[in-house]
file query_15.cif (mmCIF, C-alpha atoms)
data_data
loop_
_atom_site.label_atom_id
_atom_site.label_comp_id
_atom_site.auth_asym_id
_atom_site.auth_seq_id
_atom_site.Cartn_x
_atom_site.Cartn_y
_atom_site.Cartn_z
CA MET A 1 0.00 0.00 0.00
CA SER A 2 1.52 3.31 -1.08
CA LYS A 3 1.88 6.31 1.23
CA LYS A 4 -0.78 8.12 -0.81
CA THR A 5 -3.21 5.21 -0.44
CA THR A 6 -2.48 4.89 3.29
CA LYS A 7 -3.10 8.61 3.81
CA ARG A 8 -6.35 8.44 1.82
CA PHE A 9 -7.56 5.44 3.85
CA ALA A 10 -6.64 7.19 7.12
CA GLU A 11 -8.79 10.16 6.08
CA LEU A 12 -11.71 7.85 5.31
CA LEU A 13 -11.34 6.11 8.69
CA LYS A 14 -12.09 9.44 10.37
CA LYS A 15 -15.55 9.37 8.81
CA VAL A 16 -16.45 5.98 10.33
CA ASP A 17 -17.02 5.41 14.04
CA SER A 18 -15.41 1.99 14.56
CA ASN A 19 -17.13 1.62 17.95
CA LYS A 20 -20.59 2.21 16.54
CA ILE A 21 -23.11 -0.26 15.16
CA TYR A 22 -24.99 1.63 12.43
CA ASN A 23 -28.60 1.18 11.42
CA LEU A 24 -29.12 0.66 7.70
CA ASP A 25 -30.17 4.24 6.94
CA GLU A 26 -27.14 5.70 8.75
CA ALA A 27 -24.80 3.18 7.13
CA VAL A 28 -25.98 4.02 3.60
CA SER A 29 -25.66 7.77 4.28
CA THR A 30 -22.15 7.25 5.65
CA VAL A 31 -20.94 4.89 2.92
CA LYS A 32 -21.87 7.50 0.29
CA THR A 33 -19.44 9.94 1.95
CA LEU A 34 -16.56 7.45 1.56
CA ALA A 35 -16.24 7.65 -2.23
CA SER A 36 -12.60 8.45 -2.99
CA ALA A 37 -11.65 6.51 -6.11
CA LYS A 38 -11.51 7.78 -9.68
CA PHE A 39 -14.21 5.28 -10.67
CA ASP A 40 -17.78 4.63 -9.56
CA GLU A 41 -17.13 2.32 -6.61
CA THR A 42 -19.33 -0.67 -5.83
CA VAL A 43 -21.29 -0.74 -2.56
CA GLU A 44 -20.53 -4.11 -1.01
CA ILE A 45 -22.16 -6.04 1.81
CA ALA A 46 -20.50 -8.75 3.89
CA LEU A 47 -22.57 -11.06 6.09
CA LYS A 48 -21.41 -13.68 8.57
CA LEU A 49 -24.14 -16.29 8.96
CA ASN A 50 -24.60 -18.73 11.82
CA VAL A 51 -24.60 -21.78 9.54
CA ASP A 52 -22.25 -24.68 8.87
CA PRO A 53 -22.22 -25.15 5.07
CA ARG A 54 -20.39 -28.47 5.44
CA HIS A 55 -23.87 -29.83 6.13
CA ALA A 56 -26.07 -29.87 3.02
CA ASP A 57 -29.10 -28.76 5.04
CA GLN A 58 -27.28 -25.57 6.08
CA MET A 59 -26.20 -24.39 2.63
CA VAL A 60 -27.44 -20.91 1.78
CA ARG A 61 -27.56 -20.32 -1.96
CA GLY A 62 -29.85 -18.44 -4.32
CA SER A 63 -30.36 -15.27 -6.29
CA VAL A 64 -32.27 -12.00 -6.19
CA VAL A 65 -33.03 -9.35 -8.81
CA LEU A 66 -32.10 -5.98 -7.30
CA PRO A 67 -34.84 -3.36 -7.78
CA ALA A 68 -32.35 -0.66 -8.86
CA GLY A 69 -30.02 -3.03 -10.73
CA THR A 70 -26.29 -3.45 -10.07
CA GLY A 71 -25.02 -0.53 -12.13
CA LYS A 72 -22.94 -2.94 -14.20
CA THR A 73 -23.30 -3.97 -17.83
CA VAL A 74 -23.72 -7.73 -17.71
CA ARG A 75 -22.70 -9.96 -20.62
CA VAL A 76 -25.07 -12.92 -20.76
CA ALA A 77 -24.37 -16.20 -22.60
CA VAL A 78 -26.91 -18.98 -23.18
CA ILE A 79 -26.36 -22.61 -24.09
CA ALA A 80 -29.51 -23.59 -25.97
CA LYS A 81 -30.72 -24.94 -29.30
CA ASP A 82 -33.50 -24.33 -31.81
CA ALA A 83 -36.52 -22.41 -30.46
CA LYS A 84 -34.87 -21.82 -27.09
CA ALA A 85 -31.81 -20.34 -28.78
CA ASP A 86 -34.12 -18.00 -30.72
CA GLU A 87 -35.86 -16.99 -27.47
CA ALA A 88 -32.52 -16.21 -25.84
CA LYS A 89 -31.42 -14.04 -28.78
CA ALA A 90 -34.75 -12.18 -28.79
CA ALA A 91 -34.42 -11.53 -25.05
CA GLY A 92 -31.05 -9.83 -25.58
CA ALA A 93 -28.49 -12.55 -24.82
CA ASP A 94 -24.99 -11.51 -25.94
CA ILE A 95 -23.86 -15.02 -26.96
CA VAL A 96 -26.03 -18.02 -27.83
CA GLY A 97 -24.73 -21.42 -28.86
CA ALA A 98 -24.34 -25.13 -28.10
CA GLU A 99 -21.53 -27.55 -29.05
CA ASP A 100 -19.34 -25.00 -30.86
CA PHE A 101 -19.76 -22.50 -28.04
CA VAL A 102 -18.84 -25.13 -25.42
CA ASP A 103 -15.71 -25.97 -27.47
CA GLU A 104 -14.74 -22.27 -27.35
CA ILE A 105 -15.17 -22.16 -23.57
CA ALA A 106 -13.11 -25.37 -23.26
CA LYS A 107 -10.25 -23.49 -24.95
CA GLY A 108 -10.43 -20.87 -22.21
CA VAL A 109 -12.45 -18.26 -24.11
CA ILE A 110 -14.77 -16.86 -21.43
CA ASN A 111 -16.17 -13.49 -22.53
CA PHE A 112 -19.37 -13.42 -20.47
CA ASP A 113 -20.43 -12.69 -16.88
CA VAL A 114 -23.44 -15.02 -16.60
CA LEU A 115 -24.05 -18.40 -18.22
CA ILE A 116 -27.56 -19.81 -18.64
CA ALA A 117 -28.37 -23.29 -19.97
CA THR A 118 -31.46 -25.34 -20.75
CA PRO A 119 -31.72 -28.53 -18.63
CA ASN A 120 -31.43 -30.85 -21.66
CA LEU A 121 -27.97 -29.44 -22.45
CA MET A 122 -26.47 -29.68 -18.96
CA GLY A 123 -24.63 -32.84 -20.03
CA LEU A 124 -22.79 -30.66 -22.52
CA VAL A 125 -22.09 -28.02 -19.85
CA GLY A 126 -20.71 -30.72 -17.55
CA LYS A 127 -17.71 -31.10 -19.88
CA ILE A 128 -16.56 -27.58 -18.97
CA GLY A 129 -17.60 -27.67 -15.31
CA ARG A 130 -13.98 -27.61 -14.11
CA LEU A 131 -13.43 -24.32 -15.92
CA LEU A 132 -16.74 -22.71 -14.93
CA GLY A 133 -16.97 -23.83 -11.29
CA PRO A 134 -13.97 -21.92 -9.85
CA LYS A 135 -15.15 -18.76 -11.65
CA GLY A 136 -18.66 -19.02 -10.21
CA LEU A 137 -20.12 -19.37 -13.72
CA MET A 138 -21.58 -22.88 -13.57
CA PRO A 139 -25.33 -22.78 -14.32
CA ASN A 140 -27.46 -23.93 -11.40
CA PRO A 141 -31.23 -24.37 -10.92
CA LYS A 142 -31.03 -22.61 -7.53
CA THR A 143 -29.87 -19.38 -9.18
CA GLY A 144 -32.34 -19.69 -12.05
CA THR A 145 -29.59 -20.26 -14.61
CA VAL A 146 -30.68 -23.81 -15.51
CA THR A 147 -34.14 -23.29 -16.96
CA MET A 148 -36.36 -23.70 -19.98
CA ASP A 149 -37.54 -20.10 -19.51
CA VAL A 150 -34.35 -18.67 -21.01
CA ALA A 151 -36.01 -15.36 -21.92
CA GLN A 152 -36.84 -14.61 -18.27
CA ALA A 153 -33.40 -15.77 -17.12
CA VAL A 154 -31.71 -13.41 -19.61
CA LYS A 155 -33.98 -10.56 -18.51
CA ASN A 156 -33.16 -11.21 -14.83
CA ALA A 157 -29.41 -11.30 -15.49
CA LYS A 158 -29.55 -8.10 -17.53
CA SER A 159 -31.71 -6.24 -15.02
CA GLY A 160 -29.57 -6.79 -11.95
CA GLN A 161 -29.70 -10.36 -10.69
CA VAL A 162 -27.18 -11.12 -7.95
CA ASN A 163 -26.30 -14.71 -7.09
CA PHE A 164 -25.15 -15.57 -3.59
CA ARG A 165 -23.58 -18.59 -1.96
CA VAL A 166 -22.26 -18.96 1.56
CA ASP A 167 -18.56 -19.92 1.75
CA LYS A 168 -17.03 -22.57 4.02
CA GLN A 169 -16.73 -20.08 6.88
CA GLY A 170 -20.37 -18.97 6.65
CA ASN A 171 -19.66 -15.68 4.85
CA ILE A 172 -21.59 -14.08 2.00
CA HIS A 173 -20.25 -11.13 -0.01
CA ALA A 174 -22.11 -9.23 -2.72
CA GLY A 175 -21.98 -5.99 -4.69
CA LEU A 176 -25.34 -4.23 -4.38
CA GLY A 177 -25.03 -1.16 -6.57
CA LYS A 178 -22.77 1.84 -7.14
CA VAL A 179 -21.91 4.72 -4.82
CA SER A 180 -23.46 7.04 -7.44
CA PHE A 181 -26.88 5.46 -6.77
CA THR A 182 -29.31 7.48 -4.68
CA LYS A 183 -29.67 6.65 -1.01
CA GLU A 184 -33.16 5.27 -1.73
CA GLN A 185 -31.87 2.99 -4.51
CA LEU A 186 -29.15 1.58 -2.24
CA ASN A 187 -31.60 1.10 0.63
CA ASP A 188 -33.99 -0.76 -1.69
CA ASN A 189 -31.23 -2.99 -3.10
CA ILE A 190 -29.77 -3.86 0.31
CA SER A 191 -33.21 -4.58 1.76
CA ALA A 192 -34.16 -6.82 -1.19
CA PHE A 193 -30.89 -8.75 -0.87
CA VAL A 194 -31.13 -9.26 2.89
CA LYS A 195 -34.80 -10.26 2.65
CA MET A 196 -33.79 -13.03 0.23
CA ILE A 197 -30.99 -14.16 2.57
CA ASN A 198 -33.55 -14.34 5.39
CA LYS A 199 -35.93 -16.29 3.15
CA HIS A 200 -33.16 -18.85 2.59
CA LYS A 201 -32.53 -19.37 6.31
CA PRO A 202 -32.06 -23.14 6.74
CA ALA A 203 -34.44 -24.86 9.17
CA ALA A 204 -31.35 -26.50 10.69
CA ALA A 205 -29.75 -23.12 11.52
CA LYS A 206 -29.99 -22.44 15.27
CA GLY A 207 -29.40 -19.25 17.25
CA LYS A 208 -28.76 -15.81 15.78
CA TYR A 209 -28.87 -16.20 11.99
CA ILE A 210 -26.85 -13.09 10.99
CA LYS A 211 -23.90 -12.95 13.37
CA SER A 212 -22.32 -9.83 11.89
CA ALA A 213 -22.72 -7.55 8.88
CA ALA A 214 -20.78 -4.72 7.28
CA LEU A 215 -21.16 -2.26 4.43
CA SER A 216 -18.24 -0.81 2.45
CA LEU A 217 -17.08 0.50 -0.91
CA THR A 218 -14.51 -1.13 -3.19
CA MET A 219 -11.76 0.98 -1.60
CA SER A 220 -13.09 2.05 1.79
CA PRO A 221 -13.18 1.00 5.46
CA SER A 222 -16.22 -1.05 6.48
CA ILE A 223 -19.23 0.10 8.50
CA SER A 224 -20.70 -2.34 11.03
CA LEU A 225 -24.43 -2.94 10.64
CA GLU A 226 -27.13 -3.62 13.21
CA THR A 227 -27.87 -7.32 12.67
CA GLN A 228 -31.27 -7.45 14.39
CA GLU A 229 -32.62 -4.82 11.98
CA LEU A 230 -31.42 -6.96 9.07
CA MET A 231 -32.95 -10.15 10.48
CA ASP A 232 -36.27 -8.33 10.88
CA LEU A 233 -36.43 -7.61 7.13
CA LYS A 234 -39.04 -9.96 5.69
#
call {"tool": "encode", "arguments": {"input": "query_15.cif", "output": "structure tokens"}}
result
Amino acid sequence: MSKKTTKRFAELLKKVDSNKIYNLDEAVSTVKTLASAKFDETVEIALKLNVDPRHADQMVRGSVVLPAGTGKTVRVAVIAKDAKADEAKAAGADIVGAEDFVDEIAKGVINFDVLIATPNLMGLVGKIGRLLGPKGLMPNPKTGTVTMDVAQAVKNAKSGQVNFRVDKQGNIHAGLGKVSFTKEQLNDNISAFVKMINKHKPAAAKGKYIKSAALSLTMSPSISLETQELMDLK
């Protein structure tokens, strides 16, 4: 970290009370004051859940379409044939293909952010699973990316769908918009995301579901969030 970066970060730290637990409204107002980069920084949330993902019945995984979108241009690819391929193209997919497209991916050509596939072609997708898995690009029914309704899946991806999956330590991270968004847009996005996390609470999860939560920008200190307020979002 350069001296310039360290000085900038130190200045930002003065704007955050490290001993305070912020409610959502305060946190969003504060995070908007932390913009310091030369680009439109992403507003990021980090949640620590009281689950043990080593047990299948405590896995938290799904997706949500953010009401104000993500602020990013998303490149969507679809593995489909015939009528479904036509539907995907009509819905605005950037790349549509089947065998030839899979061969391209197998060569390491990955020029998309989201991959959707019809269920009948998942055998084909399985051949490139080793490449897609580590990048978080493997289509999955739980995130709506393995579906016959390719048009809706493309629309969701283009309009701000965020996929989430708890890691081995029980953490979930997600980008929920840009610092240039209005306070209301950020509040709406964060609320929609947390509501979906609450909806996915495993029956096997005991005790306090959200152990800790923080809001930050791409290049800012984090702001601790009031967890009870988040758990009350339904």
call {"tool": "closest_residue", "arguments": {"input": "query_15.cif", "among": "A:Val28, A:Pro141, A:Thr33, A:Ser180", "to": "Glu11 in chain A", "atoms": "only C-alpha atoms"}}
result
A:Thr33
call {"tool": "axis_aligned_box", "arguments": {"input": "query_15.cif", "around": "range 51-60 of chain A", "padding_each_side": "4 Å", "output": "AutoDock Vina command-line options"}}
result
--center_x -24.7 --center_y -25.4 --center_z 5.7 --size_x 16.7 --size_y 17.0 --size_z 15.8
call {"tool": "closest_residue", "arguments": {"input": "query_15.cif", "among": "A:Leu49, A:Leu132, A:Ile172, A:Ala204", "to": "Met231 in chain A", "atoms": "all atoms listed in the file"}}
result
A:Leu49
call {"tool": "atom_distance", "arguments": {"input": "query_15.cif", "atom1": "CA of Asn19 in chain A", "atom2": "CA of Ser216 in chain A"}}
result
15.7 Å
call {"tool": "residues_around", "arguments": {"input": "query_15.cif", "residues": "range 59-64 of chain A", "least_positions_apart": "5", "cutoff": "8 Å", "atoms": "all atoms listed in the file", "output": "number ranges by chain"}}
result
A: 51-54, 142-144, 161-166, 192-193, 196-197, 200-202
call {"tool": "atom_distance", "arguments": {"input": "query_15.cif", "atom1": "CA of Gln152 in chain A", "atom2": "CA of Glu41 in chain A"}}
result
28.5 Å
call {"tool": "resolve_selection", "arguments": {"input": "query_15.cif", "expression": "the PyMOL selection byres ((chain A and resi 158) around 10)", "output": "PyMOL selection string"}}
result
chain A and resi 65+69-70+72-76+91-93+114+152-157+159-161
call {"tool": "atom_distance", "arguments": {"input": "query_15.cif", "atom1": "CA of Asp103 in chain A", "atom2": "CA of Gly123 in chain A"}}
result
13.5 Å
call {"tool": "resolve_selection", "arguments": {"input": "query_15.cif", "expression": "the PyMOL selection byres ((chain A and resi 187) around 12)", "output": "JSON, numbers by chain"}}
result
{"A": [23, 24, 25, 26, 27, 28, 29, 31, 32, 43, 45, 66, 67, 68, 176, 177, 178, 179, 181, 182, 183, 184, 185, 186, 188, 189, 190, 191, 192, 193, 194, 195, 215, 230, 233]}
call {"tool": "closest_residue", "arguments": {"input": "query_15.cif", "among": "A:Arg130, A:Val125, A:Glu226, A:Ala106", "to": "Tyr22 in chain A", "atoms": "all atoms listed in the file"}}
result
A:Glu226
call {"tool": "build_atoms", "arguments": {"input": "query_15.cif", "residues": "range 196-207 of chain A", "atoms": "all heavy atoms", "output": "mmCIF file, keeping the file's coordinate frame"}}
result
data_model
loop_
_atom_site.group_PDB
_atom_site.id
_atom_site.type_symbol
_atom_site.label_atom_id
_atom_site.label_comp_id
_atom_site.auth_asym_id
_atom_site.auth_seq_id
_atom_site.Cartn_x
_atom_site.Cartn_y
_atom_site.Cartn_z
ATOM 1 N N MET A 196 -33.962 -11.734 0.898
ATOM 2 C CA MET A 196 -33.790 -13.030 0.230
ATOM 3 C C MET A 196 -32.875 -13.944 1.050
ATOM 4 O O MET A 196 -33.113 -15.155 1.120
ATOM 5 C CB MET A 196 -33.223 -12.822 -1.180
ATOM 6 C CG MET A 196 -33.265 -14.070 -2.044
ATOM 7 S SD MET A 196 -34.918 -14.745 -2.280
ATOM 8 C CE MET A 196 -35.621 -13.573 -3.443
ATOM 9 N N ILE A 197 -31.861 -13.361 1.686
ATOM 10 C CA ILE A 197 -30.990 -14.160 2.570
ATOM 11 C C ILE A 197 -31.819 -14.723 3.720
ATOM 12 O O ILE A 197 -31.689 -15.901 4.093
ATOM 13 C CB ILE A 197 -29.829 -13.294 3.125
ATOM 14 C CG1 ILE A 197 -28.918 -12.787 1.998
ATOM 15 C CG2 ILE A 197 -29.020 -14.069 4.174
ATOM 16 C CD1 ILE A 197 -28.105 -13.836 1.290
ATOM 17 N N ASN A 198 -32.690 -13.888 4.279
ATOM 18 C CA ASN A 198 -33.550 -14.340 5.390
ATOM 19 C C ASN A 198 -34.507 -15.437 4.936
ATOM 20 O O ASN A 198 -34.781 -16.393 5.667
ATOM 21 C CB ASN A 198 -34.347 -13.162 5.962
ATOM 22 C CG ASN A 198 -33.477 -12.208 6.772
ATOM 23 O OD1 ASN A 198 -32.436 -12.599 7.282
ATOM 24 N ND2 ASN A 198 -33.896 -10.958 6.875
ATOM 25 N N LYS A 199 -34.997 -15.302 3.703
ATOM 26 C CA LYS A 199 -35.930 -16.290 3.150
ATOM 27 C C LYS A 199 -35.247 -17.646 2.981
ATOM 28 O O LYS A 199 -35.896 -18.694 3.037
ATOM 29 C CB LYS A 199 -36.449 -15.792 1.796
ATOM 30 C CG LYS A 199 -37.742 -16.436 1.350
ATOM 31 C CD LYS A 199 -38.254 -15.815 0.057
ATOM 32 C CE LYS A 199 -39.009 -14.529 0.323
ATOM 33 N NZ LYS A 199 -39.695 -14.020 -0.899
ATOM 34 N N HIS A 200 -33.928 -17.605 2.779
ATOM 35 C CA HIS A 200 -33.160 -18.850 2.590
ATOM 36 C C HIS A 200 -32.589 -19.397 3.901
ATOM 37 O O HIS A 200 -31.730 -20.287 3.873
ATOM 38 C CB HIS A 200 -32.010 -18.609 1.594
ATOM 39 C CG HIS A 200 -32.453 -18.662 0.161
ATOM 40 N ND1 HIS A 200 -33.196 -17.661 -0.431
ATOM 41 C CD2 HIS A 200 -32.275 -19.605 -0.807
ATOM 42 C CE1 HIS A 200 -33.435 -17.978 -1.687
ATOM 43 N NE2 HIS A 200 -32.895 -19.143 -1.940
ATOM 44 N N LYS A 201 -33.043 -18.872 5.021
ATOM 45 C CA LYS A 201 -32.530 -19.370 6.310
ATOM 46 C C LYS A 201 -32.839 -20.861 6.445
ATOM 47 O O LYS A 201 -34.003 -21.267 6.376
ATOM 48 C CB LYS A 201 -33.156 -18.609 7.470
ATOM 49 C CG LYS A 201 -32.643 -19.095 8.833
ATOM 50 C CD LYS A 201 -33.326 -18.381 9.990
ATOM 51 C CE LYS A 201 -32.811 -18.922 11.322
ATOM 52 N NZ LYS A 201 -33.473 -18.276 12.464
ATOM 53 N N PRO A 202 -31.817 -21.699 6.622
ATOM 54 C CA PRO A 202 -32.060 -23.140 6.740
ATOM 55 C C PRO A 202 -32.798 -23.467 8.041
ATOM 56 O O PRO A 202 -32.553 -22.844 9.076
ATOM 57 C CB PRO A 202 -30.643 -23.745 6.767
ATOM 58 C CG PRO A 202 -29.730 -22.659 6.294
ATOM 59 C CD PRO A 202 -30.387 -21.373 6.698
ATOM 60 N N ALA A 203 -33.703 -24.441 7.970
ATOM 61 C CA ALA A 203 -34.440 -24.860 9.170
ATOM 62 C C ALA A 203 -33.466 -25.385 10.230
ATOM 63 O O ALA A 203 -33.727 -25.282 11.438
ATOM 64 C CB ALA A 203 -35.450 -25.946 8.798
ATOM 65 N N ALA A 204 -32.329 -25.915 9.768
ATOM 66 C CA ALA A 204 -31.350 -26.500 10.690
ATOM 67 C C ALA A 204 -30.488 -25.434 11.390
ATOM 68 O O ALA A 204 -29.754 -25.735 12.324
ATOM 69 C CB ALA A 204 -30.445 -27.473 9.947
ATOM 70 N N ALA A 205 -30.570 -24.177 10.923
ATOM 71 C CA ALA A 205 -29.750 -23.120 11.520
ATOM 72 C C ALA A 205 -30.335 -22.704 12.869
ATOM 73 O O ALA A 205 -31.504 -22.348 12.969
ATOM 74 C CB ALA A 205 -29.695 -21.911 10.591
ATOM 75 N N LYS A 206 -29.527 -22.767 13.905
ATOM 76 C CA LYS A 206 -29.990 -22.440 15.270
ATOM 77 C C LYS A 206 -29.344 -21.133 15.736
ATOM 78 O O LYS A 206 -28.277 -20.742 15.276
ATOM 79 C CB LYS A 206 -29.616 -23.569 16.239
ATOM 80 C CG LYS A 206 -30.130 -24.944 15.832
ATOM 81 C CD LYS A 206 -31.653 -24.982 15.723
ATOM 82 C CE LYS A 206 -32.143 -26.369 15.295
ATOM 83 N NZ LYS A 206 -33.551 -26.344 14.895
ATOM 84 N N GLY A 207 -29.978 -20.472 16.668
ATOM 85 C CA GLY A 207 -29.400 -19.250 17.250
ATOM 86 C C GLY A 207 -29.541 -18.067 16.318
ATOM 87 O O GLY A 207 -30.376 -18.048 15.409
#
